[in-house]
file protein24.tsv (TSV, C-alpha atoms and all ligand atoms)
chain	number	residue	atom	x	y	z
A	4	MET	CA	-22.43	-13.17	-10.88
A	5	GLN	CA	-20.41	-15.34	-13.26
A	6	TYR	CA	-18.70	-18.63	-12.40
A	7	PRO	CA	-15.23	-17.63	-11.08
A	8	ASN	CA	-12.24	-17.81	-13.36
A	9	PHE	CA	-10.18	-20.30	-11.33
A	10	THR	CA	-6.55	-20.71	-12.39
A	11	LYS	CA	-4.05	-23.50	-11.70
A	12	GLU	CA	-2.90	-21.43	-8.72
A	13	HIS	CA	-6.28	-21.65	-6.97
A	14	LYS	CA	-5.70	-24.57	-4.63
A	15	SER	CA	-8.29	-23.91	-1.90
A	16	LEU	CA	-11.01	-26.32	-0.80
A	17	MET	CA	-13.46	-23.67	-2.03
A	18	ALA	CA	-12.00	-23.89	-5.56
A	19	LYS	CA	-12.17	-27.67	-5.32
A	20	TYR	CA	-15.81	-27.90	-4.21
A	21	LEU	CA	-17.40	-24.92	-5.98
A	22	THR	CA	-18.34	-26.89	-9.06
A	23	LYS	CA	-20.50	-25.29	-11.75
A	24	GLU	CA	-23.51	-27.23	-10.38
A	25	VAL	CA	-22.96	-26.01	-6.81
A	26	PHE	CA	-22.41	-22.47	-8.10
A	27	GLU	CA	-25.71	-22.52	-10.02
A	28	GLU	CA	-27.56	-23.78	-6.95
A	29	LEU	CA	-26.16	-21.06	-4.64
A	30	LYS	CA	-25.40	-18.00	-6.75
A	31	ASP	CA	-28.66	-16.11	-6.13
A	32	LEU	CA	-29.17	-17.00	-2.46
A	33	LYS	CA	-28.91	-14.44	0.33
A	34	THR	CA	-29.10	-14.72	4.14
A	35	ALA	CA	-31.24	-12.41	6.30
A	36	ASN	CA	-28.11	-10.27	6.85
A	37	GLY	CA	-27.62	-9.87	3.10
A	38	PHE	CA	-24.67	-12.29	2.88
A	39	THR	CA	-24.16	-13.85	-0.57
A	40	LEU	CA	-22.07	-16.56	-2.21
A	41	SER	CA	-19.90	-13.93	-3.89
A	42	LYS	CA	-19.01	-12.41	-0.49
A	43	ALA	CA	-18.35	-15.86	1.00
A	44	ILE	CA	-15.85	-16.88	-1.69
A	45	LYS	CA	-14.16	-13.51	-2.37
A	46	SER	CA	-11.14	-14.20	-0.13
A	47	GLY	CA	-10.37	-17.47	-1.89
A	48	ILE	CA	-10.72	-15.87	-5.33
A	49	ASP	CA	-8.55	-12.83	-4.50
A	50	ASN	CA	-5.94	-15.02	-2.75
A	51	PRO	CA	-5.24	-18.07	-4.89
A	52	ASP	CA	-2.89	-19.42	-2.20
A	53	SER	CA	-5.81	-19.75	0.26
A	54	GLY	CA	-6.06	-23.19	1.82
A	55	ILE	CA	-9.78	-22.88	2.57
A	56	GLY	CA	-10.92	-19.77	0.68
A	57	VAL	CA	-14.32	-19.19	2.23
A	58	TYR	CA	-15.86	-17.27	5.18
A	59	ALA	CA	-19.37	-17.20	6.66
A	60	GLY	CA	-21.30	-13.97	7.29
A	61	ASP	CA	-23.64	-15.46	9.87
A	62	LYS	CA	-24.79	-18.76	11.35
A	63	GLU	CA	-27.38	-18.99	8.56
A	64	SER	CA	-24.60	-18.99	5.91
A	65	TYR	CA	-23.63	-22.52	6.98
A	66	ASP	CA	-27.16	-23.71	6.04
A	67	THR	CA	-27.89	-21.46	3.06
A	68	PHE	CA	-24.54	-22.20	1.39
A	69	GLY	CA	-24.38	-25.73	2.84
A	70	ALA	CA	-23.85	-27.29	-0.59
A	71	LEU	CA	-20.39	-25.67	-0.50
A	72	PHE	CA	-19.60	-25.43	3.23
A	73	ASP	CA	-20.58	-29.06	4.01
A	74	SER	CA	-17.97	-30.49	1.61
A	75	ILE	CA	-15.25	-28.17	2.96
A	76	ILE	CA	-16.16	-29.06	6.57
A	77	GLN	CA	-16.20	-32.76	5.66
A	78	GLU	CA	-12.71	-32.62	4.16
A	79	TYR	CA	-11.06	-30.32	6.73
A	80	HIS	CA	-12.61	-31.81	9.88
A	81	GLY	CA	-13.71	-35.27	8.68
A	82	PHE	CA	-17.17	-34.28	9.98
A	83	SER	CA	-20.37	-35.14	8.14
A	84	LYS	CA	-23.74	-33.38	7.86
A	85	GLU	CA	-25.30	-35.89	10.27
A	86	ASP	CA	-22.61	-35.59	12.98
A	87	LYS	CA	-23.17	-33.70	16.23
A	88	HIS	CA	-20.43	-31.73	17.95
A	89	LYS	CA	-19.42	-32.65	21.55
A	90	SER	CA	-17.91	-30.42	24.22
A	91	ASN	CA	-15.71	-31.26	27.23
A	92	LEU	CA	-13.99	-28.48	29.10
A	93	ASN	CA	-13.09	-30.50	32.20
A	94	PRO	CA	-9.36	-29.97	32.91
A	95	ASP	CA	-9.35	-33.05	35.19
A	96	GLU	CA	-9.74	-35.19	32.06
A	97	LEU	CA	-6.62	-33.76	30.45
A	98	ASP	CA	-3.49	-35.86	30.97
A	99	ALA	CA	-0.72	-33.31	30.48
A	100	PRO	CA	2.12	-33.12	33.00
A	101	ASN	CA	4.68	-30.55	31.80
A	102	PRO	CA	6.55	-32.31	28.94
A	103	ASP	CA	9.55	-29.96	29.30
A	104	PRO	CA	10.02	-29.05	32.99
A	105	LYS	CA	13.57	-27.72	32.39
A	106	ASP	CA	12.36	-25.32	29.66
A	107	GLU	CA	14.76	-26.75	27.06
A	108	PHE	CA	12.34	-26.83	24.12
A	109	ILE	CA	9.02	-25.12	24.82
A	110	VAL	CA	9.23	-21.33	24.76
A	111	SER	CA	5.56	-20.67	25.48
A	112	THR	CA	2.09	-22.21	25.46
A	113	ARG	CA	-1.09	-20.56	24.23
A	114	ILE	CA	-4.67	-21.80	23.94
A	115	ARG	CA	-7.40	-19.72	22.36
A	116	VAL	CA	-11.03	-20.13	21.46
A	117	GLY	CA	-13.11	-18.06	19.06
A	118	ARG	CA	-16.59	-16.89	20.04
A	119	ASN	CA	-19.25	-14.69	18.42
A	120	LEU	CA	-22.31	-13.09	19.95
A	121	ALA	CA	-25.54	-14.98	19.19
A	122	ASP	CA	-27.49	-11.80	18.42
A	123	PHE	CA	-25.15	-10.28	15.79
A	124	PRO	CA	-23.94	-11.29	12.33
A	125	LEU	CA	-20.36	-12.57	12.06
A	126	GLY	CA	-17.58	-10.11	11.12
A	127	PRO	CA	-17.82	-10.51	7.32
A	128	ALA	CA	-21.46	-9.30	7.37
A	129	ILE	CA	-21.49	-6.95	10.36
A	130	SER	CA	-22.15	-3.22	9.98
A	131	LYS	CA	-19.92	-0.56	11.58
A	132	GLU	CA	-22.66	0.30	14.10
A	133	GLN	CA	-23.13	-3.36	15.04
A	134	ARG	CA	-19.36	-3.90	15.35
A	135	ASP	CA	-19.01	-0.88	17.62
A	136	GLU	CA	-21.94	-2.21	19.68
A	137	VAL	CA	-20.20	-5.60	20.01
A	138	GLU	CA	-17.06	-3.81	21.21
A	139	LYS	CA	-19.09	-1.95	23.84
A	140	ILE	CA	-20.90	-5.08	25.08
A	141	VAL	CA	-17.79	-7.26	25.22
A	142	SER	CA	-15.40	-4.69	26.73
A	143	SER	CA	-17.87	-3.68	29.44
A	144	THR	CA	-18.55	-7.35	30.27
A	145	LEU	CA	-14.81	-8.02	30.51
A	146	GLY	CA	-14.59	-5.06	32.88
A	147	LEU	CA	-16.69	-7.06	35.37
A	148	LEU	CA	-14.13	-9.89	35.67
A	149	LYS	CA	-12.40	-10.29	39.00
A	150	GLY	CA	-9.27	-11.88	40.50
A	151	SER	CA	-6.70	-13.35	38.10
A	152	LEU	CA	-8.88	-12.44	35.08
A	153	ALA	CA	-9.25	-8.76	36.01
A	154	GLY	CA	-7.62	-6.44	33.49
A	155	LYS	CA	-8.09	-3.48	31.20
A	156	TYR	CA	-9.36	-2.93	27.64
A	157	TYR	CA	-7.10	-1.18	25.13
A	158	PRO	CA	-8.95	-0.08	21.97
A	159	LEU	CA	-6.89	0.06	18.78
A	160	LEU	CA	-8.40	3.43	18.04
A	161	GLY	CA	-6.07	5.89	19.75
A	162	MET	CA	-3.34	3.32	20.55
A	163	SER	CA	0.13	4.56	19.57
A	164	GLU	CA	1.74	2.75	16.62
A	165	ALA	CA	4.74	1.87	18.82
A	166	ASP	CA	2.49	0.24	21.46
A	167	ARG	CA	0.53	-1.65	18.81
A	168	LEU	CA	3.66	-2.96	17.10
A	169	SER	CA	5.24	-4.06	20.35
A	170	LEU	CA	2.08	-6.01	21.32
A	171	VAL	CA	2.13	-7.72	17.89
A	172	GLU	CA	5.87	-8.46	18.06
A	173	ASP	CA	5.48	-9.99	21.55
A	174	HIS	CA	2.71	-12.31	20.21
A	175	PHE	CA	-0.11	-10.72	22.22
A	176	LEU	CA	-2.01	-8.86	19.49
A	177	PHE	CA	-3.26	-9.69	16.00
A	178	LYS	CA	-1.50	-8.19	12.97
A	179	ALA	CA	-3.02	-5.44	10.84
A	180	GLY	CA	-3.87	-5.78	7.17
A	181	ASP	CA	-4.08	-9.56	6.71
A	182	ARG	CA	-4.96	-9.95	3.01
A	183	PHE	CA	-7.21	-12.99	3.56
A	184	LEU	CA	-9.29	-11.10	6.14
A	185	GLU	CA	-9.18	-7.95	3.98
A	186	SER	CA	-10.87	-9.71	1.07
A	187	ALA	CA	-13.39	-11.31	3.41
A	188	GLY	CA	-14.54	-7.84	4.50
A	189	LEU	CA	-13.16	-8.41	7.99
A	190	ASN	CA	-10.95	-5.30	7.97
A	191	ARG	CA	-13.72	-2.81	7.10
A	192	ASP	CA	-13.64	0.43	9.13
A	193	TRP	CA	-10.27	-0.56	10.66
A	194	PRO	CA	-9.28	0.16	13.43
A	195	SER	CA	-12.66	1.23	14.81
A	196	GLY	CA	-14.28	-1.39	17.06
A	197	ARG	CA	-11.11	-3.46	17.49
A	198	GLY	CA	-9.01	-3.84	20.58
A	199	ILE	CA	-7.39	-6.06	23.17
A	200	TYR	CA	-8.22	-6.74	26.82
A	201	HIS	CA	-5.60	-8.26	29.09
A	202	ASN	CA	-4.73	-8.86	32.70
A	203	ASN	CA	-1.59	-7.33	34.14
A	204	GLU	CA	0.60	-10.42	33.49
A	205	LYS	CA	-0.75	-10.78	29.91
A	206	THR	CA	-1.64	-14.42	30.67
A	207	PHE	CA	-5.33	-13.84	29.93
A	208	LEU	CA	-6.24	-11.81	26.85
A	209	VAL	CA	-9.30	-11.21	24.69
A	210	TRP	CA	-9.13	-9.86	21.15
A	211	ILE	CA	-12.26	-7.98	20.14
A	212	ASN	CA	-13.54	-7.90	16.54
A	213	GLU	CA	-10.69	-9.50	14.66
A	214	GLU	CA	-11.62	-12.61	12.62
A	215	ASP	CA	-14.16	-13.47	15.31
A	216	GLU	CA	-15.89	-11.08	17.70
A	217	LEU	CA	-14.01	-12.62	20.60
A	218	ARG	CA	-10.79	-14.56	20.71
A	219	ILE	CA	-10.37	-15.68	24.32
A	220	ILE	CA	-6.71	-16.44	24.99
A	221	SER	CA	-4.71	-17.98	27.83
A	222	MET	CA	-0.92	-18.00	27.47
A	223	GLN	CA	2.30	-18.11	29.45
A	224	LYS	CA	6.00	-18.92	29.14
A	225	GLY	CA	7.04	-22.59	29.34
A	226	GLY	CA	5.18	-25.87	28.91
A	227	ASP	CA	2.61	-26.07	31.70
A	228	ILE	CA	-0.17	-26.83	29.24
A	229	LYS	CA	-2.66	-27.87	31.92
A	230	GLU	CA	-2.34	-24.57	33.79
A	231	VAL	CA	-2.96	-22.66	30.54
A	232	PHE	CA	-6.05	-24.82	29.87
A	233	GLN	CA	-7.37	-24.33	33.42
A	234	ARG	CA	-7.13	-20.54	33.12
A	235	LEU	CA	-8.92	-20.60	29.76
A	236	VAL	CA	-11.73	-22.81	31.10
A	237	LEU	CA	-12.25	-20.43	34.03
A	238	ALA	CA	-12.43	-17.46	31.65
A	239	ILE	CA	-14.86	-19.18	29.27
A	240	SER	CA	-17.18	-20.19	32.11
A	241	GLU	CA	-17.17	-16.68	33.58
A	242	LEU	CA	-17.92	-15.11	30.19
A	243	GLU	CA	-20.63	-17.63	29.33
A	244	LYS	CA	-22.53	-16.54	32.45
A	245	LYS	CA	-22.68	-13.03	31.03
A	246	MET	CA	-22.95	-13.40	27.22
A	247	LYS	CA	-24.82	-15.66	24.77
A	248	PHE	CA	-22.53	-17.06	22.09
A	249	ALA	CA	-23.54	-18.29	18.62
A	250	PHE	CA	-23.76	-22.09	18.84
A	251	SER	CA	-25.42	-25.02	17.07
A	252	ASP	CA	-25.77	-28.66	18.16
A	253	HIS	CA	-24.37	-29.71	14.79
A	254	LEU	CA	-21.45	-27.27	14.33
A	255	GLY	CA	-20.69	-26.26	17.93
A	256	TYR	CA	-19.45	-22.68	18.32
A	257	ILE	CA	-20.05	-20.71	15.13
A	258	THR	CA	-17.03	-18.90	13.69
A	259	SER	CA	-16.41	-16.90	10.53
A	260	CYS	CA	-13.84	-19.38	9.15
A	261	PRO	CA	-15.07	-22.99	8.83
A	262	THR	CA	-11.72	-24.31	10.12
A	263	ASN	CA	-12.55	-22.91	13.55
A	264	LEU	CA	-16.04	-24.41	14.00
A	265	GLY	CA	-16.81	-26.71	16.92
A	266	THR	CA	-14.46	-26.04	19.80
A	267	ALA	CA	-13.02	-23.00	17.94
A	268	MET	CA	-9.90	-23.97	19.83
A	269	ARG	CA	-6.25	-23.73	18.81
A	270	ALA	CA	-3.84	-25.00	21.44
A	271	SER	CA	-0.23	-24.31	20.56
A	272	VAL	CA	3.33	-24.29	21.79
A	273	HIS	CA	6.22	-22.31	20.43
A	274	ILE	CA	8.89	-24.98	20.46
A	275	ALA	CA	12.56	-25.12	19.42
A	276	LEU	CA	13.19	-28.15	17.21
A	277	PRO	CA	16.32	-27.19	15.24
A	278	LYS	CA	17.41	-30.78	14.55
A	279	LEU	CA	14.02	-32.10	13.45
A	280	ALA	CA	13.66	-29.02	11.26
A	281	LYS	CA	16.44	-30.48	9.08
A	282	ASP	CA	14.30	-33.57	8.44
A	283	MET	CA	10.93	-32.13	7.52
A	284	GLU	CA	9.67	-35.53	6.36
A	285	LYS	CA	10.13	-37.02	9.83
A	286	PHE	CA	8.83	-33.81	11.47
A	287	LYS	CA	5.67	-33.90	9.34
A	288	SER	CA	5.11	-37.62	9.88
A	289	ILE	CA	4.86	-36.94	13.64
A	290	THR	CA	2.63	-33.88	13.30
A	291	ASP	CA	0.34	-35.69	10.84
A	292	LYS	CA	0.03	-38.70	13.15
A	293	HIS	CA	-1.18	-36.46	15.99
A	294	HIS	CA	-3.41	-34.24	13.77
A	295	LEU	CA	-1.20	-31.20	14.24
A	296	GLN	CA	-0.42	-28.17	12.14
A	297	ILE	CA	2.97	-26.42	11.82
A	298	ARG	CA	2.98	-22.60	11.65
A	299	GLY	CA	5.77	-19.99	11.86
A	300	VAL	CA	6.33	-18.02	15.06
A	301	HIS	CA	4.46	-14.93	13.92
A	302	GLY	CA	1.21	-16.78	13.37
A	303	GLU	CA	-0.57	-18.16	10.37
A	304	HIS	CA	1.17	-17.64	7.01
A	305	SER	CA	4.46	-16.64	8.76
A	306	GLN	CA	7.85	-18.34	8.61
A	307	SER	CA	9.72	-20.12	11.40
A	308	GLU	CA	12.66	-18.33	13.04
A	309	ASP	CA	15.71	-19.95	14.72
A	310	GLY	CA	14.20	-23.44	14.43
A	311	ILE	CA	11.24	-22.38	16.59
A	312	TYR	CA	7.82	-23.55	15.36
A	313	ASP	CA	4.21	-23.03	16.34
A	314	ILE	CA	2.69	-26.50	16.75
A	315	SER	CA	-1.08	-26.74	17.26
A	316	ASN	CA	-4.10	-29.01	16.94
A	317	LYS	CA	-5.66	-29.15	13.50
A	318	ARG	CA	-8.92	-30.82	14.51
A	319	ARG	CA	-11.49	-28.57	16.16
A	320	LEU	CA	-14.93	-29.91	15.19
A	321	GLY	CA	-16.32	-33.30	16.28
A	322	VAL	CA	-13.60	-33.57	18.94
A	323	THR	CA	-13.85	-32.11	22.45
A	324	GLU	CA	-11.72	-29.28	23.83
A	325	VAL	CA	-9.89	-31.78	26.05
A	326	GLN	CA	-9.08	-33.87	22.95
A	327	CYS	CA	-7.78	-30.80	21.06
A	328	VAL	CA	-5.30	-30.08	23.83
A	329	GLN	CA	-4.49	-33.78	24.26
A	330	ASP	CA	-3.66	-34.04	20.51
A	331	MET	CA	-1.22	-31.15	20.89
A	332	TYR	CA	0.24	-32.52	24.12
A	333	ASP	CA	0.77	-36.08	22.80
A	334	GLY	CA	2.39	-34.76	19.63
A	335	VAL	CA	4.69	-32.43	21.55
A	336	VAL	CA	5.84	-35.30	23.79
A	337	GLU	CA	6.78	-37.32	20.69
A	338	LEU	CA	8.45	-34.33	18.99
A	339	ILE	CA	10.64	-33.67	22.05
A	340	LYS	CA	11.55	-37.36	22.34
A	341	THR	CA	12.53	-37.47	18.65
A	342	GLU	CA	14.46	-34.18	18.80
A	343	LYS	CA	16.54	-35.65	21.64
A	344	GLU	CA	17.28	-38.79	19.57
A	345	VAL	CA	18.40	-36.98	16.39
A	346	ILE	CA	22.20	-36.56	16.27
A	401	LIG	P1	-4.77	-17.70	15.95
A	401	LIG	O1	-4.12	-18.35	17.09
A	401	LIG	O2	-5.84	-16.78	16.38
A	401	LIG	O3	-5.19	-18.71	14.95
A	401	LIG	P2	-2.28	-16.70	14.67
A	401	LIG	O4	-1.76	-17.97	14.12
A	401	LIG	O5	-2.29	-15.52	13.76
A	401	LIG	O6	-3.78	-16.75	15.16
A	401	LIG	O7	-1.46	-16.34	15.98
A	401	LIG	C1	-1.76	-15.20	16.71
A	401	LIG	C2	-0.61	-14.75	17.57
A	401	LIG	O8	-0.41	-15.67	18.63
A	401	LIG	C3	0.70	-14.66	16.82
A	401	LIG	O9	1.40	-13.51	17.27
A	401	LIG	C4	1.44	-15.87	17.29
A	401	LIG	O10	2.84	-15.72	17.25
A	401	LIG	C5	0.95	-15.99	18.71
A	401	LIG	N1	1.10	-17.34	19.26
A	401	LIG	C6	0.52	-18.47	18.82
A	401	LIG	N2	0.90	-19.52	19.57
A	401	LIG	C7	1.73	-19.04	20.52
A	401	LIG	C8	2.47	-19.62	21.59
A	401	LIG	N3	2.39	-20.93	21.86
A	401	LIG	N4	3.25	-18.81	22.34
A	401	LIG	C9	3.32	-17.49	22.08
A	401	LIG	N5	2.66	-16.87	21.11
A	401	LIG	C10	1.87	-17.64	20.32
A	402	LIG	C1	-7.02	-19.57	3.88
A	402	LIG	O1	-7.98	-20.01	3.25
A	402	LIG	O2	-5.86	-20.00	3.74
A	402	LIG	C2	-7.27	-18.45	4.85
A	402	LIG	N1	-8.60	-17.95	4.63
A	402	LIG	C3	-7.09	-18.97	6.27
A	402	LIG	C4	-7.77	-20.28	6.52
A	402	LIG	C5	-7.47	-20.89	7.86
A	402	LIG	N2	-7.52	-19.90	8.84
A	402	LIG	C6	-8.00	-19.99	10.00
A	402	LIG	O3	-7.88	-20.97	10.72
A	402	LIG	N3	-8.63	-18.95	10.42

call {"tool": "encode", "arguments": {"input": "protein24.tsv", "output": "structure tokens", "more": "lines below"}}
Ligand code: ADP
Ligand code: CIR
result
Amino acid sequence: MQYPNFTKEHKSLMAKYLTKEVFEELKDLKTANGFTLSKAIKSGIDNPDSGIGVYAGDKESYDTFGALFDSIIQEYHGFSKEDKHKSNLNPDELDAPNPDPKDEFIVSTRIRVGRNLADFPLGPAISKEQRDEVEKIVSSTLGLLKGSLAGKYYPLLGMSEADRLSLVEDHFLFKAGDRFLESAGLNRDWPSGRGIYHNNEKTFLVWINEEDELRIISMQKGGDIKEVFQRLVLAISELEKKMKFAFSDHLGYITSCPTNLGTAMRASVHIALPKLAKDMEKFKSITDKHHLQIRGVHGEHSQSEDGIYDISNKRRLGVTEVQCVQDMYDGVVELIKTEKEVI
């Protein structure tokens, strides 16, 4: 493998930190699952507009290719090689009374975590047989859930195109054909092994074998952020009794994209801020202060519609789950206050 031909358009953290020296050190290394540097960086090379540009094939990738991953993790999360991740999933420690009880601004709230099974490679290095096995293990385990978490698994294989599109449009299901995931090898054998589990109300959902083997999701209309967190915590604790997830004391929950390490949590609201949207500088100064990210309403790399934005925590590693949600909550309170003040 030759040193990549980076252009001016390659702006990812991978392009920034893959110096010739780092490349020479890592170019011939391979993990036990056969994952290599060239597989790890392919997405960032194929997609010059990547922000991160790198994926891991297994937990071992974070050690083997540490000379690259550590710098990216340090810059994105402000988390050093010596730091240890901390967890706190106690909803009693979250201070989050509904910031919008009249439903004037917040359309919906969603909190998700990524998880991967400890005994399998991550999606970029998994084989079709292993992926199908993960689907079987996870969907049958979900089938054991009771009460408010009880639901049904809908595999993508055999789902009508109309049903799939309506689940995507209504924000319940992942999109197909994401070019970043495509280059990372995460769309191989599509749609086999992929699917969605949900309860009847679609307030508790699990995506199987998208970017991570599980995305555990709690969501509902309105701004009762604490209720959404409580449901998620219940689901995580029930699933942890039945499955062993990939985890390290240093990096927390192991995910295929380094931005998701640690809590693997993204807590978001869809919120209407049409006035603030006309002053992006002010908007961004508030989101930056609270460590938040702005996305469009159809997920990452989408545009906003009708002044409605997806606002979520940016920090996930080295902060607890409660802090991730608190970051989002505190920022949303300030955004609503400012939106009301703008004439
Ligand atoms: P992820 O949350 O896994 O990082 P995306 O940014 O791609 O992934 O979002 C996945 C889906 O979740 C998209 O359809 C998006 O519109 C939806 N979504 C995210 N936040 C909310 C929210 N607060 N309310 C409703 N849907 C949401
Ligand atoms: C990029 O580098 O822009 C894409 N690979 C996405 C990175 C962040 N995505 C994420 O949180 N999963």

call {"tool": "atom_distance", "arguments": {"input": "protein24.tsv", "atom1": "CA of Gly198 in chain A", "atom2": "CA of Ala128 in chain A"}}
result
19.0 Å

call {"tool": "closest_atom_pairs", "arguments": {"input": "protein24.tsv", "of": "range 244-290 of chain A", "to": "range 90-113 of chain A", "cutoff": "10 Å", "atoms": "all atoms listed in the file", "output": "CSV"}}
result
residue,atom,partner,partner_atom,distance
A:Gly255,CA,A:Ser90,CA,8.0
A:Tyr256,CA,A:Ser90,CA,9.9
A:Gly265,CA,A:Ser90,CA,8.3
A:Thr266,CA,A:Ser90,CA,7.1
A:Arg269,CA,A:Arg113,CA,8.1
A:Ala270,CA,A:Arg113,CA,5.9
A:Ser271,CA,A:Arg113,CA,5.3
A:Val272,CA,A:Thr112,CA,4.4
A:His273,CA,A:Ser111,CA,5.4
A:Ile274,CA,A:Ile109,CA,4.4
A:Ala275,CA,A:Phe108,CA,5.0
A:Leu276,CA,A:Phe108,CA,7.1
A:Pro277,CA,A:Phe108,CA,9.7

call {"tool": "write_last_selection", "arguments": {"input": "protein24.tsv", "atoms": "C-alpha atoms", "output": "PDB file, keeping the file's coordinate frame"}}
result
ATOM      1  CA  GLY A 255     -20.690 -26.260  17.930  1.00  0.00           C
ATOM      2  CA  TYR A 256     -19.450 -22.680  18.320  1.00  0.00           C
ATOM      3  CA  GLY A 265     -16.810 -26.710  16.920  1.00  0.00           C
ATOM      4  CA  THR A 266     -14.460 -26.040  19.800  1.00  0.00           C
ATOM      5  CA  ARG A 269      -6.250 -23.730  18.810  1.00  0.00           C
ATOM      6  CA  ALA A 270      -3.840 -25.000  21.440  1.00  0.00           C
ATOM      7  CA  SER A 271      -0.230 -24.310  20.560  1.00  0.00           C
ATOM      8  CA  VAL A 272       3.330 -24.290  21.790  1.00  0.00           C
ATOM      9  CA  HIS A 273       6.220 -22.310  20.430  1.00  0.00           C
ATOM     10  CA  ILE A 274       8.890 -24.980  20.460  1.00  0.00           C
ATOM     11  CA  ALA A 275      12.560 -25.120  19.420  1.00  0.00           C
ATOM     12  CA  LEU A 276      13.190 -28.150  17.210  1.00  0.00           C
ATOM     13  CA  PRO A 277      16.320 -27.190  15.240  1.00  0.00           C
TER      14      PRO A 277
END

call {"tool": "closest_residue", "arguments": {"input": "protein24.tsv", "among": "A:Val335, A:Val345, A:Val328, A:Ala238", "to": "Asp282 in chain A", "atoms": "only C-alpha atoms"}}
result
A:Val345

call {"tool": "closest_residue", "arguments": {"input": "protein24.tsv", "among": "A:Ile55, A:Leu71, A:Val116, A:Leu145", "to": "Glu24 in chain A", "atoms": "all atoms listed in the file"}}
result
A:Leu71

call {"tool": "residues_around", "arguments": {"input": "protein24.tsv", "residues": "Leu254 in chain A", "least_positions_apart": "2", "cutoff": "10 Å", "atoms": "only C-alpha atoms", "output": "PyMOL selection string"}}
result
chain A and resi 62+65+76+82+84+86-89+250-252+256-258+261+263-266+320-321

call {"tool": "write_last_selection", "arguments": {"input": "protein24.tsv", "atoms": "C-alpha atoms", "output": "mmCIF file, keeping the file's coordinate frame"}}
result
data_model
loop_
_atom_site.group_PDB
_atom_site.id
_atom_site.type_symbol
_atom_site.label_atom_id
_atom_site.label_comp_id
_atom_site.auth_asym_id
_atom_site.auth_seq_id
_atom_site.Cartn_x
_atom_site.Cartn_y
_atom_site.Cartn_z
ATOM 1 C CA LYS A 62 -24.790 -18.760 11.350
ATOM 2 C CA TYR A 65 -23.630 -22.520 6.980
ATOM 3 C CA ILE A 76 -16.160 -29.060 6.570
ATOM 4 C CA PHE A 82 -17.170 -34.280 9.980
ATOM 5 C CA LYS A 84 -23.740 -33.380 7.860
ATOM 6 C CA ASP A 86 -22.610 -35.590 12.980
ATOM 7 C CA LYS A 87 -23.170 -33.700 16.230
ATOM 8 C CA HIS A 88 -20.430 -31.730 17.950
ATOM 9 C CA LYS A 89 -19.420 -32.650 21.550
ATOM 10 C CA PHE A 250 -23.760 -22.090 18.840
ATOM 11 C CA SER A 251 -25.420 -25.020 17.070
ATOM 12 C CA ASP A 252 -25.770 -28.660 18.160
ATOM 13 C CA TYR A 256 -19.450 -22.680 18.320
ATOM 14 C CA ILE A 257 -20.050 -20.710 15.130
ATOM 15 C CA THR A 258 -17.030 -18.900 13.690
ATOM 16 C CA PRO A 261 -15.070 -22.990 8.830
ATOM 17 C CA ASN A 263 -12.550 -22.910 13.550
ATOM 18 C CA LEU A 264 -16.040 -24.410 14.000
ATOM 19 C CA GLY A 265 -16.810 -26.710 16.920
ATOM 20 C CA THR A 266 -14.460 -26.040 19.800
ATOM 21 C CA LEU A 320 -14.930 -29.910 15.190
ATOM 22 C CA GLY A 321 -16.320 -33.300 16.280
#

call {"tool": "residues_near_ligand", "arguments": {"input": "protein24.tsv", "ligand": "ligand LIG 402 (chain A)", "cutoff": "8 Å", "atoms": "all atoms listed in the file", "output": "list in words"}}
result
Ser15, Ser46, Gly47, Asp52, Ser53, Gly54, Ile55, Gly56, Val57, Tyr58, Phe183, Leu184, Glu214, Cys260, Pro261, Thr262, Asn263 and Glu303 of chain A

call {"tool": "closest_residue", "arguments": {"input": "protein24.tsv", "among": "A:Arg115, A:Lys340, A:His301, A:Lys224", "to": "Leu279 in chain A", "atoms": "all atoms listed in the file"}}
result
A:Lys340

call {"tool": "residues_around", "arguments": {"input": "protein24.tsv", "residues": "Lys178 in chain A", "least_positions_apart": "3", "cutoff": "10 Å", "atoms": "only C-alpha atoms", "output": "PyMOL selection string"}}
result
chain A and resi 167-168+170-172+174-175+181+213+301-302

call {"tool": "atom_distance", "arguments": {"input": "protein24.tsv", "atom1": "CA of Leu159 in chain A", "atom2": "CA of Lys45 in chain A"}}
result
26.2 Å

call {"tool": "closest_residue", "arguments": {"input": "protein24.tsv", "among": "A:Thr144, A:Thr341, A:Gln326, A:Ser221", "to": "ligand LIG 401 (chain A)", "atoms": "all atoms listed in the file"}}
result
A:Ser221

call {"tool": "atom_distance", "arguments": {"input": "protein24.tsv", "atom1": "CA of Ala280 in chain A", "atom2": "CA of Gln223 in chain A"}}
result
24.1 Å

call {"tool": "axis_aligned_box", "arguments": {"input": "protein24.tsv", "around": "range 32-48 of chain A", "padding_each_side": "6 Å", "output": "AutoDock Vina command-line options"}}
result
--center_x -20.8 --center_y -13.7 --center_z 0.8 --size_x 32.9 --size_y 19.6 --size_z 24.2

call {"tool": "residues_near_point", "arguments": {"input": "protein24.tsv", "point": "(2.3, -6.0, 29.0)", "cutoff": "10 Å", "atoms": "all atoms listed in the file", "output": "PyMOL selection string"}}
result
chain A and resi 166+169-170+173+175+201-206

call {"tool": "closest_residue", "arguments": {"input": "protein24.tsv", "among": "A:Leu152, A:Ile75, A:Ala267, A:Leu237", "to": "ligand LIG 401 (chain A)", "atoms": "only C-alpha atoms and all ligand atoms"}}
result
A:Ala267

call {"tool": "closest_residue", "arguments": {"input": "protein24.tsv", "among": "A:Ser151, A:Lys247, A:Phe286, A:Arg118", "to": "ligand LIG 401 (chain A)", "atoms": "all atoms listed in the file"}}
result
A:Arg118
